[in-house]
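Below: upload_1.txt (compact mmCIF, C-alpha atoms and all ligand atoms)
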```
# COMPACT_ATOMS: atom_id res chain seq x y z
CA MET A 1046 -43.77 -80.05 52.52
CA ALA A 1047 -47.52 -80.34 51.86
CA SER A 1048 -48.45 -82.92 49.25
CA PHE A 1049 -48.58 -81.88 45.61
CA GLY A 1050 -52.33 -82.54 45.57
CA ARG A 1051 -52.84 -80.15 48.46
CA ARG A 1052 -50.60 -77.49 46.91
CA LEU A 1053 -52.25 -77.77 43.49
CA HIS A 1054 -55.73 -77.61 45.03
CA ALA A 1055 -54.77 -74.36 46.78
CA ALA A 1056 -53.14 -72.94 43.64
CA MET A 1057 -56.24 -73.71 41.54
CA ALA A 1058 -58.44 -71.98 44.11
CA ALA A 1059 -56.18 -68.91 44.21
CA ARG A 1060 -55.15 -68.60 40.56
CA GLY A 1061 -57.83 -70.47 38.62
CA GLN A 1062 -57.69 -73.76 36.73
CA PHE A 1063 -55.11 -73.40 34.01
CA CYS A 1064 -51.70 -74.72 33.04
CA ALA A 1065 -49.56 -72.67 30.67
CA GLY A 1066 -47.09 -74.72 28.67
CA ILE A 1067 -43.62 -73.41 27.88
CA ASP A 1068 -42.86 -75.00 24.52
CA PRO A 1069 -40.11 -73.00 22.79
CA HIS A 1070 -40.86 -74.17 19.24
CA PRO A 1071 -38.31 -72.93 16.67
CA GLY A 1072 -41.15 -71.14 14.84
CA LEU A 1073 -42.12 -69.29 18.02
CA LEU A 1074 -38.52 -68.24 18.66
CA THR A 1075 -38.47 -66.75 15.16
CA ALA A 1076 -41.85 -65.09 15.65
CA TRP A 1077 -40.50 -63.47 18.82
CA GLY A 1078 -37.47 -62.16 16.89
CA LEU A 1079 -35.08 -64.60 18.57
CA ASP A 1080 -32.45 -66.94 17.16
CA ASP A 1081 -33.04 -70.67 17.33
CA ASP A 1082 -30.10 -71.22 19.69
CA ALA A 1083 -29.49 -71.53 23.42
CA ALA A 1084 -29.43 -67.74 23.93
CA GLY A 1085 -32.76 -67.35 22.09
CA LEU A 1086 -34.19 -70.24 24.09
CA GLU A 1087 -33.11 -68.64 27.37
CA ARG A 1088 -34.64 -65.28 26.46
CA PHE A 1089 -37.89 -66.96 25.36
CA ALA A 1090 -38.26 -69.17 28.41
CA ARG A 1091 -37.36 -66.46 30.92
CA THR A 1092 -39.83 -64.06 29.29
CA ALA A 1093 -42.58 -66.70 29.54
CA VAL A 1094 -41.82 -67.26 33.22
CA GLU A 1095 -41.73 -63.52 33.91
CA ALA A 1096 -45.09 -63.04 32.17
CA LEU A 1097 -46.91 -66.06 33.57
CA GLY A 1098 -45.17 -67.24 36.75
CA GLU A 1099 -47.12 -64.99 39.09
CA THR A 1100 -50.43 -65.58 37.31
CA VAL A 1101 -51.05 -69.24 36.49
CA ALA A 1102 -51.43 -72.17 38.88
CA LEU A 1103 -49.23 -74.48 36.87
CA LEU A 1104 -46.39 -73.91 34.40
CA LYS A 1105 -45.40 -76.83 32.19
CA PRO A 1106 -42.04 -76.60 30.44
CA GLN A 1107 -41.78 -79.18 27.65
CA SER A 1108 -38.34 -80.76 28.07
CA ALA A 1109 -37.93 -81.73 24.41
CA PHE A 1110 -37.69 -78.11 23.28
CA PHE A 1111 -34.88 -77.52 25.81
CA GLU A 1112 -33.07 -80.81 25.10
CA ARG A 1113 -32.82 -79.97 21.39
CA HIS A 1114 -30.31 -77.27 22.41
CA GLY A 1115 -28.08 -79.80 24.21
CA SER A 1116 -26.53 -79.23 27.61
CA ARG A 1117 -27.01 -75.44 27.41
CA GLY A 1118 -30.71 -76.03 26.79
CA VAL A 1119 -30.95 -78.32 29.80
CA ALA A 1120 -29.21 -75.64 31.89
CA VAL A 1121 -31.92 -73.20 30.76
CA LEU A 1122 -34.56 -75.73 31.80
CA GLU A 1123 -33.01 -75.95 35.28
CA ARG A 1124 -33.18 -72.17 35.55
CA VAL A 1125 -36.80 -72.11 34.32
CA ILE A 1126 -37.82 -74.62 36.98
CA ALA A 1127 -36.16 -72.58 39.73
CA ASP A 1128 -37.49 -69.21 38.50
CA ALA A 1129 -41.04 -70.49 38.01
CA LYS A 1130 -41.11 -71.90 41.55
CA ALA A 1131 -39.74 -68.62 42.90
CA ALA A 1132 -42.55 -66.76 41.09
CA GLY A 1133 -45.08 -68.89 42.99
CA ALA A 1134 -46.23 -71.21 40.20
CA LEU A 1135 -46.19 -74.96 40.55
CA VAL A 1136 -44.03 -76.58 37.90
CA LEU A 1137 -44.99 -79.66 35.93
CA LEU A 1138 -42.01 -80.91 33.95
CA ASP A 1139 -43.28 -82.52 30.76
CA VAL A 1140 -40.91 -85.36 29.92
CA LYS A 1141 -43.33 -88.30 29.50
CA ARG A 1142 -40.79 -90.84 30.71
CA GLY A 1143 -41.60 -94.55 30.75
CA ASP A 1144 -39.13 -97.45 31.08
CA ILE A 1145 -38.42 -100.60 33.07
CA GLY A 1146 -38.63 -100.12 36.82
CA SER A 1147 -34.89 -100.08 37.54
CA THR A 1148 -34.39 -97.30 34.98
CA MET A 1149 -37.47 -95.48 36.25
CA GLN A 1150 -35.64 -95.14 39.58
CA ALA A 1151 -32.99 -93.07 37.81
CA TYR A 1152 -35.71 -90.89 36.26
CA ALA A 1153 -37.26 -90.59 39.71
CA ASP A 1154 -33.90 -89.38 41.07
CA ALA A 1155 -33.65 -86.85 38.22
CA TYR A 1156 -37.17 -85.43 38.34
CA CYS A 1157 -38.72 -86.16 41.76
CA ASP A 1158 -35.85 -85.74 44.23
CA PRO A 1159 -35.18 -82.16 45.35
CA ALA A 1160 -31.44 -82.96 45.34
CA SER A 1161 -31.61 -82.78 41.52
CA PRO A 1162 -31.67 -79.43 39.68
CA LEU A 1163 -34.30 -80.92 37.34
CA CYS A 1164 -36.72 -81.67 40.16
CA ALA A 1165 -40.01 -79.87 39.53
CA ASP A 1166 -43.24 -80.12 41.54
CA ALA A 1167 -44.58 -82.84 39.25
CA VAL A 1168 -43.59 -84.81 36.18
CA THR A 1169 -45.41 -86.49 33.28
CA VAL A 1170 -44.91 -90.23 32.76
CA SER A 1171 -46.07 -92.83 30.25
CA PRO A 1172 -47.54 -96.02 31.76
CA TYR A 1173 -47.40 -98.02 28.57
CA LEU A 1174 -44.63 -100.32 29.85
CA GLY A 1175 -47.21 -101.29 32.49
CA PHE A 1176 -48.44 -99.16 35.37
CA GLU A 1177 -46.28 -100.86 38.01
CA SER A 1178 -43.13 -99.98 36.05
CA LEU A 1179 -43.83 -96.43 37.28
CA ARG A 1180 -43.57 -97.48 40.93
CA PRO A 1181 -40.13 -95.86 41.60
CA VAL A 1182 -41.41 -92.50 40.34
CA LEU A 1183 -44.68 -92.79 42.27
CA ASP A 1184 -42.87 -93.70 45.49
CA THR A 1185 -40.06 -91.14 45.18
CA ALA A 1186 -42.53 -88.38 44.31
CA ALA A 1187 -44.68 -89.29 47.32
CA VAL A 1188 -41.70 -89.19 49.71
CA HIS A 1189 -40.87 -85.64 48.61
CA GLY A 1190 -44.43 -84.27 48.32
CA ASN A 1191 -44.25 -84.21 44.53
CA GLY A 1192 -46.84 -85.11 41.91
CA VAL A 1193 -47.00 -87.44 38.92
CA PHE A 1194 -49.23 -87.13 35.84
CA VAL A 1195 -49.90 -90.43 34.08
CA LEU A 1196 -50.89 -90.46 30.41
CA ALA A 1197 -54.34 -91.98 30.01
CA LEU A 1198 -56.19 -90.60 26.96
CA THR A 1199 -53.80 -88.37 25.06
CA SER A 1200 -54.83 -85.50 22.83
CA ASN A 1201 -53.18 -86.79 19.64
CA PRO A 1202 -55.22 -88.65 16.99
CA GLU A 1203 -52.89 -91.71 17.15
CA GLY A 1204 -53.62 -92.39 20.84
CA PRO A 1205 -56.82 -94.44 20.52
CA GLU A 1206 -55.17 -97.42 18.75
CA VAL A 1207 -53.41 -98.18 22.04
CA GLN A 1208 -55.54 -96.46 24.67
CA HIS A 1209 -58.97 -97.63 23.47
CA ALA A 1210 -57.84 -101.26 23.05
CA THR A 1211 -59.68 -103.70 25.28
CA THR A 1212 -57.71 -105.73 27.82
CA ALA A 1213 -58.35 -109.34 28.81
CA GLY A 1214 -60.26 -108.01 31.84
CA GLY A 1215 -62.73 -106.23 29.56
CA ARG A 1216 -61.59 -102.71 30.38
CA THR A 1217 -59.91 -100.41 27.91
CA VAL A 1218 -56.17 -99.86 28.34
CA ALA A 1219 -56.88 -96.25 29.32
CA GLY A 1220 -59.57 -97.40 31.77
CA THR A 1221 -57.04 -99.75 33.35
CA MET A 1222 -54.63 -96.85 33.88
CA LEU A 1223 -57.39 -94.67 35.31
CA ALA A 1224 -58.24 -97.45 37.79
CA HIS A 1225 -54.59 -97.73 38.85
CA VAL A 1226 -54.42 -93.97 39.44
CA ARG A 1227 -57.68 -94.05 41.43
CA ALA A 1228 -56.13 -96.73 43.67
CA ALA A 1229 -52.90 -94.73 43.99
CA ASN A 1230 -54.82 -91.71 45.32
CA ALA A 1231 -57.09 -93.58 47.72
CA ALA A 1232 -54.88 -93.36 50.82
CA ALA A 1233 -54.24 -89.60 50.44
CA LEU A 1234 -57.95 -88.89 50.03
CA ALA A 1235 -58.78 -91.09 53.03
CA ALA A 1236 -56.21 -89.11 55.04
CA GLY A 1237 -58.03 -85.88 54.17
CA ASP A 1238 -56.14 -84.46 51.20
CA PRO A 1239 -58.59 -82.49 49.01
CA LEU A 1240 -56.88 -83.82 45.86
CA GLY A 1241 -54.57 -86.76 45.29
CA SER A 1242 -51.04 -86.20 44.02
CA VAL A 1243 -51.30 -88.62 41.12
CA GLY A 1244 -52.98 -87.02 38.14
CA VAL A 1245 -53.87 -88.23 34.69
CA VAL A 1246 -53.64 -86.68 31.25
CA VAL A 1247 -56.87 -86.65 29.26
CA GLY A 1248 -56.81 -84.51 26.14
CA ALA A 1249 -59.36 -81.76 25.61
CA THR A 1250 -59.72 -83.13 22.09
CA THR A 1251 -60.92 -86.63 23.00
CA GLY A 1252 -64.68 -86.00 23.10
CA ALA A 1253 -66.83 -87.95 25.57
CA THR A 1254 -64.52 -90.68 26.86
CA GLY A 1255 -66.94 -93.28 28.19
CA GLU A 1256 -64.51 -93.72 31.10
CA ASP A 1257 -64.85 -93.01 34.81
CA LEU A 1258 -62.61 -89.95 35.20
CA ALA A 1259 -63.08 -89.63 38.97
CA VAL A 1260 -59.55 -90.69 39.86
CA GLY A 1261 -59.19 -88.52 42.96
CA GLY A 1262 -56.34 -86.55 41.42
CA PRO A 1263 -56.00 -83.69 38.95
CA LEU A 1264 -56.95 -84.13 35.31
CA LEU A 1265 -54.52 -82.35 32.97
CA ALA A 1266 -56.30 -81.47 29.73
CA PRO A 1267 -53.87 -80.41 27.00
CA GLY A 1268 -55.01 -79.72 23.45
CA ILE A 1269 -56.68 -76.34 23.97
CA GLY A 1270 -56.00 -73.95 21.08
CA ALA A 1271 -53.40 -75.15 18.57
CA GLN A 1272 -54.69 -78.74 18.57
CA GLY A 1273 -58.29 -77.65 18.06
CA GLY A 1274 -59.69 -78.21 21.56
CA THR A 1275 -61.75 -75.47 23.22
CA VAL A 1276 -62.68 -74.62 26.78
CA GLU A 1277 -66.31 -75.43 25.90
CA ASP A 1278 -65.24 -78.97 24.87
CA LEU A 1279 -64.15 -79.62 28.46
CA ALA A 1280 -67.78 -79.99 29.57
CA THR A 1281 -68.30 -82.87 27.12
CA VAL A 1282 -65.02 -84.58 27.95
CA PHE A 1283 -65.09 -84.25 31.74
CA GLY A 1284 -68.73 -83.74 32.85
CA ALA A 1285 -68.95 -84.02 36.63
CA ALA A 1286 -65.15 -84.19 36.93
CA LEU A 1287 -64.73 -80.57 35.73
CA PRO A 1288 -63.67 -79.23 39.17
CA GLN A 1289 -60.54 -81.42 39.02
CA VAL A 1290 -59.56 -80.36 35.48
CA VAL A 1291 -56.48 -78.29 34.71
CA PRO A 1292 -56.79 -77.27 31.05
CA ALA A 1293 -53.45 -76.71 29.34
CA ALA A 1294 -52.32 -74.69 26.35
CA SER A 1295 -48.88 -73.79 25.07
CA ARG A 1296 -48.87 -72.27 21.56
CA GLU A 1297 -52.27 -70.60 22.13
CA VAL A 1298 -50.73 -68.45 24.88
CA LEU A 1299 -47.12 -68.22 23.67
CA GLY A 1300 -48.27 -67.02 20.25
CA ALA A 1301 -49.39 -63.79 21.93
CA GLY A 1302 -45.78 -62.94 22.94
CA PRO A 1303 -43.23 -61.61 23.34
CA ALA A 1304 -44.88 -58.65 25.10
CA LEU A 1305 -45.37 -59.52 28.78
CA ASP A 1306 -48.82 -57.91 28.97
CA ALA A 1307 -50.07 -59.74 25.90
CA LEU A 1308 -48.81 -63.09 27.17
CA ARG A 1309 -50.42 -62.54 30.54
CA ALA A 1310 -53.68 -61.38 28.95
CA ALA A 1311 -53.84 -64.53 26.80
CA ALA A 1312 -53.50 -66.73 29.89
CA VAL A 1313 -56.00 -64.68 31.90
CA ARG A 1314 -58.55 -64.98 29.05
CA THR A 1315 -58.41 -68.77 29.26
CA ILE A 1316 -58.52 -68.73 33.06
CA GLU A 1317 -61.68 -66.57 32.90
CA ASP A 1318 -63.26 -68.80 30.24
CA VAL A 1319 -62.65 -71.86 32.43
CA ARG A 1320 -64.04 -70.07 35.49
CA ASP A 1321 -67.16 -69.13 33.50
CA LEU A 1322 -67.61 -72.71 32.28
CA LEU A 1323 -67.32 -74.06 35.83
CA PHE A 1324 -69.85 -71.53 37.06
CA ARG A 1325 -72.37 -72.49 34.37
CA ALA A 1326 -71.79 -76.19 35.06
CA SER A 1327 -72.35 -75.68 38.81
CA ILE A 1328 -75.68 -73.95 38.14
CA GLN A 1329 -76.84 -76.80 35.92
CA ALA A 1330 -75.77 -79.49 38.41
O1 LIG A 1401 -48.55 -84.42 28.71
C1 LIG A 1401 -48.82 -83.44 27.99
O2 LIG A 1401 -48.69 -82.30 28.41
C2 LIG A 1401 -49.45 -83.68 26.70
C3 LIG A 1401 -50.26 -84.80 26.62
C4 LIG A 1401 -51.12 -84.94 25.52
O3 LIG A 1401 -51.93 -85.85 25.45
N1 LIG A 1401 -51.06 -84.02 24.53
C5 LIG A 1401 -50.21 -82.94 24.56
O4 LIG A 1401 -50.25 -82.11 23.64
N2 LIG A 1401 -49.35 -82.82 25.61
C6 LIG A 1401 -48.32 -81.73 25.62
O5 LIG A 1401 -48.98 -80.49 25.75
C7 LIG A 1401 -48.36 -79.51 24.92
C8 LIG A 1401 -49.38 -79.02 23.90
O6 LIG A 1401 -48.93 -77.88 23.25
P1 LIG A 1401 -49.92 -76.96 22.40
O7 LIG A 1401 -50.57 -77.85 21.39
O8 LIG A 1401 -49.02 -75.94 21.79
O9 LIG A 1401 -50.91 -76.37 23.36
C9 LIG A 1401 -47.14 -80.16 24.29
O10 LIG A 1401 -46.02 -79.91 25.12
C10 LIG A 1401 -47.47 -81.63 24.34
O11 LIG A 1401 -46.31 -82.45 24.44
```
Represent the structure contained in this file as structure tokens.
Amino acid sequence: MASFGRRLHAAMAARGQFCAGIDPHPGLLTAWGLDDDAAGLERFARTAVEALGETVALLKPQSAFFERHGSRGVAVLERVIADAKAAGALVLLDVKRGDIGSTMQAYADAYCDPASPLCADAVTVSPYLGFESLRPVLDTAAVHGNGVFVLALTSNPEGPEVQHATTAGGRTVAGTMLAHVRAANAAALAAGDPLGSVGVVVGATTGATGEDLAVGGPLLAPGIGAQGGTVEDLATVFGAALPQVVPAASREVLGAGPALDALRAAAVRTIEDVRDLLFRASIQA
């Protein structure tokens, strides 16, 4: 199987730079006329996949909203992963796991090994137990051609108290994580991959970061829409790194449902806005 970086690079070229989140909030289930139970969840999630799976490069189910329905919710998540892949989207499972290395191996088995029904194309992880604690996930993902997205500068207002802190080496904590990811992608880039398979998360809401965002891998930028970030903000946050950015929105798109056309149109609008921004940025460069 081609590396995740290669597959995402091709998907971004074919479908545009956008990740649609599948976050079945209870309020959205109600707005769609569904019950807040496993049956409502299944209807919601399968509608989102049907509307978006053939359109967007990346679909990102948020595990928490499936887990809150117990084992039936997790079964729906397994189905969503399989259906989204079958529709031709790459799937980023948003679980933000982070633990000691020996436990991370179990998470790696769950999310990065195709033998598991919860294995997506990529998974989000938190490096705040130390970057090397992620090693089992990084290695297992690499063996199977999967990707990993490492939190660096998150979109929430509480992130800076940890991520902007300065380490003994003089870098910020986030800058340290970005440097680790850059190193993790070096071999793949040297071998000719157009994009590394280890990405980072940098919120669209962060403003100019002051960090070197050229990590060789994709830059997931959540926070568009409901959290106040805009496509235009991406130019300030990412500058020259814009071609590697995958902006992400969940409620902004899902709020247009449940009609399939309306959901698809909401995603296409953002894809076009991002394409337009990239075009303007390339002219200015
Ligand atoms: O890793 C993420 O996707 C993520 C990182 C981050 O810094 N901020 C952030 O909002 N997210 C996720 O992105 C989604 C944002 O949802 P909306 O605010 O509805 O677009 C949620 O599933 C969050 O958990």
List the spatial neighbours of Asp1128 (chain A) as a compact mmCIF listing (two decimals) with C-alpha atoms, in the coordinates of the input - criterion: any atom at most 9 Å away, all atoms listed in the file, same-chain residues fewer than 2 positions off excluded.
```txt
# COMPACT_ATOMS: atom_id res chain seq x y z
CA ARG A 1091 -37.36 -66.46 30.92
CA VAL A 1094 -41.82 -67.26 33.22
CA GLU A 1095 -41.73 -63.52 33.91
CA GLY A 1098 -45.17 -67.24 36.75
CA GLU A 1123 -33.01 -75.95 35.28
CA ARG A 1124 -33.18 -72.17 35.55
CA VAL A 1125 -36.80 -72.11 34.32
CA ILE A 1126 -37.82 -74.62 36.98
CA LYS A 1130 -41.11 -71.90 41.55
CA ALA A 1131 -39.74 -68.62 42.90
CA ALA A 1132 -42.55 -66.76 41.09
CA GLY A 1133 -45.08 -68.89 42.99
```
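Between CA of Arg1309 (chain A) and CA of Phe1049 (chain A) lies a distance of 24.6 Å.
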Contacts to ligand LIG 1401 (chain A) at 7 Å cut-off (all atoms listed in the file) as a ChimeraX atom specification = /A:1066,1068,1107,1139,1141,1169,1196,1198-1201,1246-1248,1267-1272,1293-1297
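Using only C-alpha atoms, the nearest neighbour of Asp1318 (chain A) within the list A:Val1243, A:Leu1299, A:Ala1102, A:Val1276 is A:Val1276.
Counting from CA of Gly1284 (chain A), the distance to CA of Glu1317 (chain A) is 18.6 Å.
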ask   = Taking into account all atoms listed in the file, which residue in the set A:His1209, A:Arg1325, A:Arg1052, A:Arg1320 is nearest to Leu1135 (chain A)?
value = A:Arg1052
task = Would you work out the distance separating CA of Asp1278 (chain A) from CA of Leu1322 (chain A), expressed in Å to one decimal?
result = 10.0 Å
Near Ala1109 (chain A), counting only C-alpha atoms, which residues have an atom at most 12 Å away, once you skip same-chain residues fewer than 5 positions from it, shown as a compact mmCIF listing (two decimals) with C-alpha atoms, in the frame of the given file?
```txt
# COMPACT_ATOMS: atom_id res chain seq x y z
CA ILE A 1067 -43.62 -73.41 27.88
CA ASP A 1068 -42.86 -75.00 24.52
CA PRO A 1069 -40.11 -73.00 22.79
CA HIS A 1070 -40.86 -74.17 19.24
CA PRO A 1071 -38.31 -72.93 16.67
CA HIS A 1114 -30.31 -77.27 22.41
CA GLY A 1115 -28.08 -79.80 24.21
CA GLY A 1118 -30.71 -76.03 26.79
CA VAL A 1119 -30.95 -78.32 29.80
CA LEU A 1122 -34.56 -75.73 31.80
CA LEU A 1138 -42.01 -80.91 33.95
CA ASP A 1139 -43.28 -82.52 30.76
CA VAL A 1140 -40.91 -85.36 29.92
CA LYS A 1141 -43.33 -88.30 29.50
CA ARG A 1142 -40.79 -90.84 30.71
```
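With all atoms listed in the file as the atoms that count, the residue of A:Gly1237, A:Gly1072, A:Gly1302, A:Pro1159 with the shortest distance to Thr1092 (chain A) is A:Gly1302.
Residue neighbourhood of Leu1308 (chain A), excluding near-sequence residues (fewer than 5 positions): Ala1093, Ala1096, Leu1097, Val1298, Leu1299, Gly1300, Ala1301, Gly1302 and Pro1303 of chain A, at 8 Å, using only C-alpha atoms.
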Region 1219-1310 of chain A residues near region 1176-1192 of chain A within 12 Å, closest pair each, using only C-alpha atoms, as CSV:
```
residue,atom,partner,partner_atom,distance
A:Ala1219,CA,A:Phe1176,CA,10.8
A:Gly1220,CA,A:Phe1176,CA,11.8
A:Thr1221,CA,A:Phe1176,CA,8.9
A:Met1222,CA,A:Phe1176,CA,6.8
A:Leu1223,CA,A:Phe1176,CA,10.0
A:Ala1224,CA,A:Phe1176,CA,10.2
A:His1225,CA,A:Phe1176,CA,7.2
A:Val1226,CA,A:Phe1176,CA,8.9
A:Ala1228,CA,A:Phe1176,CA,11.6
A:Ala1229,CA,A:Leu1183,CA,8.6
A:Asn1230,CA,A:Ala1187,CA,10.6
A:Ala1232,CA,A:Ala1187,CA,11.5
A:Ala1233,CA,A:Ala1187,CA,10.1
A:Leu1240,CA,A:Gly1192,CA,10.9
A:Gly1241,CA,A:Gly1192,CA,8.6
A:Ser1242,CA,A:Gly1192,CA,4.8
A:Val1243,CA,A:Gly1192,CA,5.7
A:Gly1244,CA,A:Gly1192,CA,7.5
A:Val1245,CA,A:Gly1192,CA,10.5
A:Gly1262,CA,A:Gly1192,CA,9.6
A:Pro1263,CA,A:Gly1192,CA,9.7
```
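If you measure from each of A:Val1170, A:Ala1197, A:Ala1210, A:Val1136 to Leu1264 (chain A) using only C-alpha atoms, the closest one turns out to be A:Ala1197.
Residue nearest Gly1050 (chain A), chosen from A:Phe1194, A:Phe1283, A:Phe1324, A:Phe1110 and counting all atoms listed in the file: A:Phe1194.
Minimum distance to Ala1266 (chain A) across A:Gly1085, A:Leu1053, A:Ser1116, A:Gln1062 (counting only C-alpha atoms) occurs at A:Gln1062.
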